[in-house]
Amino acid sequence: NAKPLPRDELQEVLSGLFPNVSTDTLEKILNLQEHLNNVVVDSDAEKEAMQLSLRKIKHICRRVDQNPEELGSIIHNCLMTSFLPELEQNIVEKCLARCGIVTNDKKFFENFFSQQYSFTEDPLLNSCKRSASNPLLVPNVEFFPNPMQENVMRQVLVSHSVGERALLITGYQGVGKNKIVDNLLSHLNCEREYTQLHRDTTIQSLMLSPS
């Protein structure tokens with residue numbers, strides 16, 4: 001495995017890739033990376049889940065470039081903190097606090113709902129729309145969104161607009177994950193294709209088997 005870049009070199013690379021992300025924000029992200037690297041937990045898997053790899057840092061920087069005020073929430077989503085055991089969640093929160101990264105999702109949602117955000121009027125929709133090569137595969141669904149679902153669609157749209165190619169939406173059965181994606185694809189004029197994944201799925205099977 002290649003050795004990680006020294007901090008000063010990594011900051012220089014990130015500054016070149018994301019010139020609009022402030023030096024202060026990059027400092028906070030790299031400070032957090034160091035804090036999480038020094039965390040001691042019971043298993044390697046739990047420690048790995050809390051690591052900020054270069055891929056995760058690039059994802060965070062892409063999102064922060066568009067929404068700098070949401071740094072804390074973006075980091076939580078990237079680390080999937082809600083899936084970690086309670087002890088590890090508390091460790092992440094303490095590390096964020098030590099690095100001066102505020103995470104106030106309650107205040108964010110209060111502001112979000114008070115602004116009466118409308119997904120269909122989001123200017124990003126027009127910039128991300130495509131010309132479908134197979135219009136028959138573009139979903140056409142009846143959808144009645146609520147503010148929480150609109151926020152999920154907004155998060156997916158923002159991630160897509162900054163170049164993310166793979167996204168994971170989690171939730172209990174029946175909460176509307178497929179409906180949200182179908183509605184988003186409908187507005188973006190994008191085709192939908194299903195692929196069934198299971199524990200025996202391989203890259204080769206995904207490439208050879210028709211979806």
# chains A, B, ... in the order shown; residues from 1 in each chain; ligands from 1

$ residues_around --residues "stretch 76-85 of chain A" --least-positions-apart "5" --cutoff "7 Å" --atoms "only C-alpha atoms" --output "list in words"
Ala49, Met50 and Lys56 of chain A

$ residues_around --residues "A:Asn126" --least-positions-apart "5" --cutoff "10 Å" --atoms "only C-alpha atoms" --output "ChimeraX atom specification"
/A:120-121,187-188

$ closest_residue --among "A:Thr25, A:Gln196, A:Gln204, A:Ser15" --to "A:Glu69" --atoms "only C-alpha atoms"
A:Thr25

$ residues_around --residues "A:Glu27" --least-positions-apart "4" --cutoff "12 Å" --atoms "only C-alpha atoms" --output "PDB file with N, CA, C and O atoms, in the first residue's frame"
ATOM      1  N   ARG A   7       0.983  15.788   5.857  1.00  0.00           N
ATOM      2  CA  ARG A   7      -0.134  16.725   5.967  1.00  0.00           C
ATOM      3  C   ARG A   7       0.039  17.959   5.080  1.00  0.00           C
ATOM      4  O   ARG A   7      -0.911  18.374   4.410  1.00  0.00           O
ATOM      5  N   ASP A   8       1.238  18.539   5.072  1.00  0.00           N
ATOM      6  CA  ASP A   8       1.417  19.761   4.289  1.00  0.00           C
ATOM      7  C   ASP A   8       1.255  19.500   2.798  1.00  0.00           C
ATOM      8  O   ASP A   8       0.676  20.319   2.061  1.00  0.00           O
ATOM      9  N   LEU A  10      -0.602  17.012   1.519  1.00  0.00           N
ATOM     10  CA  LEU A  10      -2.021  16.717   1.303  1.00  0.00           C
ATOM     11  C   LEU A  10      -2.826  18.011   1.232  1.00  0.00           C
ATOM     12  O   LEU A  10      -3.704  18.157   0.367  1.00  0.00           O
ATOM     13  N   GLN A  11      -2.522  18.961   2.112  1.00  0.00           N
ATOM     14  CA  GLN A  11      -3.242  20.233   2.092  1.00  0.00           C
ATOM     15  C   GLN A  11      -2.979  20.982   0.790  1.00  0.00           C
ATOM     16  O   GLN A  11      -3.882  21.611   0.225  1.00  0.00           O
ATOM     17  N   GLU A  12      -1.753  20.893   0.299  1.00  0.00           N
ATOM     18  CA  GLU A  12      -1.419  21.551  -0.964  1.00  0.00           C
ATOM     19  C   GLU A  12      -2.192  20.928  -2.122  1.00  0.00           C
ATOM     20  O   GLU A  12      -2.709  21.638  -2.998  1.00  0.00           O
ATOM     21  N   LEU A  14      -5.098  19.279  -1.910  1.00  0.00           N
ATOM     22  CA  LEU A  14      -6.517  19.605  -1.763  1.00  0.00           C
ATOM     23  C   LEU A  14      -6.792  21.059  -2.139  1.00  0.00           C
ATOM     24  O   LEU A  14      -7.825  21.371  -2.738  1.00  0.00           O
ATOM     25  N   SER A  15      -5.875  21.951  -1.809  1.00  0.00           N
ATOM     26  CA  SER A  15      -6.044  23.365  -2.173  1.00  0.00           C
ATOM     27  C   SER A  15      -6.051  23.539  -3.687  1.00  0.00           C
ATOM     28  O   SER A  15      -6.782  24.377  -4.221  1.00  0.00           O
ATOM     29  N   VAL A  21     -12.520  26.074  -1.484  1.00  0.00           N
ATOM     30  CA  VAL A  21     -12.646  25.678  -0.076  1.00  0.00           C
ATOM     31  C   VAL A  21     -11.614  26.459   0.723  1.00  0.00           C
ATOM     32  O   VAL A  21     -10.418  26.446   0.403  1.00  0.00           O
ATOM     33  N   SER A  22     -12.054  27.133   1.767  1.00  0.00           N
ATOM     34  CA  SER A  22     -11.164  28.011   2.523  1.00  0.00           C
ATOM     35  C   SER A  22     -10.070  27.225   3.245  1.00  0.00           C
ATOM     36  O   SER A  22     -10.232  26.037   3.565  1.00  0.00           O
ATOM     37  N   THR A  23      -8.959  27.912   3.497  1.00  0.00           N
ATOM     38  CA  THR A  23      -7.844  27.298   4.229  1.00  0.00           C
ATOM     39  C   THR A  23      -8.288  26.857   5.620  1.00  0.00           C
ATOM     40  O   THR A  23      -7.885  25.805   6.111  1.00  0.00           O
ATOM     41  N   ASN A  31      -7.316  18.387  10.611  1.00  0.00           N
ATOM     42  CA  ASN A  31      -7.206  18.192  12.058  1.00  0.00           C
ATOM     43  C   ASN A  31      -8.090  17.031  12.504  1.00  0.00           C
ATOM     44  O   ASN A  31      -7.686  16.205  13.339  1.00  0.00           O
ATOM     45  N   LEU A  32      -9.291  16.983  11.940  1.00  0.00           N
ATOM     46  CA  LEU A  32     -10.201  15.885  12.275  1.00  0.00           C
ATOM     47  C   LEU A  32      -9.613  14.545  11.837  1.00  0.00           C
ATOM     48  O   LEU A  32      -9.706  13.548  12.564  1.00  0.00           O
ATOM     49  N   GLN A  33      -9.019  14.523  10.651  1.00  0.00           N
ATOM     50  CA  GLN A  33      -8.390  13.284  10.174  1.00  0.00           C
ATOM     51  C   GLN A  33      -7.337  12.795  11.162  1.00  0.00           C
ATOM     52  O   GLN A  33      -7.276  11.605  11.493  1.00  0.00           O
ATOM     53  N   GLU A  34      -6.517  13.707  11.669  1.00  0.00           N
ATOM     54  CA  GLU A  34      -5.479  13.331  12.624  1.00  0.00           C
ATOM     55  C   GLU A  34      -6.075  12.833  13.928  1.00  0.00           C
ATOM     56  O   GLU A  34      -5.613  11.836  14.502  1.00  0.00           O
ATOM     57  N   ILE A  57     -12.261  12.484   2.093  1.00  0.00           N
ATOM     58  CA  ILE A  57     -11.935  13.910   2.194  1.00  0.00           C
ATOM     59  C   ILE A  57     -12.304  14.633   0.906  1.00  0.00           C
ATOM     60  O   ILE A  57     -12.844  15.748   0.929  1.00  0.00           O
ATOM     61  N   CYS A  61     -14.900  17.698   0.538  1.00  0.00           N
ATOM     62  CA  CYS A  61     -14.515  18.977  -0.075  1.00  0.00           C
ATOM     63  C   CYS A  61     -15.431  19.343  -1.242  1.00  0.00           C
ATOM     64  O   CYS A  61     -15.761  20.524  -1.431  1.00  0.00           O
ATOM     65  N   CYS A  99     -12.090  19.975  16.977  1.00  0.00           N
ATOM     66  CA  CYS A  99     -11.615  20.611  15.738  1.00  0.00           C
ATOM     67  C   CYS A  99     -12.428  21.851  15.380  1.00  0.00           C
ATOM     68  O   CYS A  99     -12.219  22.455  14.326  1.00  0.00           O
ATOM     69  N   GLY A 100     -13.377  22.208  16.243  1.00  0.00           N
ATOM     70  CA  GLY A 100     -14.171  23.408  15.999  1.00  0.00           C
ATOM     71  C   GLY A 100     -15.204  23.250  14.914  1.00  0.00           C
ATOM     72  O   GLY A 100     -15.607  24.242  14.288  1.00  0.00           O
ATOM     73  N   ILE A 101     -15.634  22.015  14.667  1.00  0.00           N
ATOM     74  CA  ILE A 101     -16.643  21.749  13.640  1.00  0.00           C
ATOM     75  C   ILE A 101     -17.993  21.604  14.316  1.00  0.00           C
ATOM     76  O   ILE A 101     -18.206  20.678  15.107  1.00  0.00           O
TER      77      ILE A 101
END

$ closest_residue --among "A:Ala166, A:Ala97, A:Asp122, A:Asn20" --to "A:Val64" --atoms "only C-alpha atoms"
A:Asn20
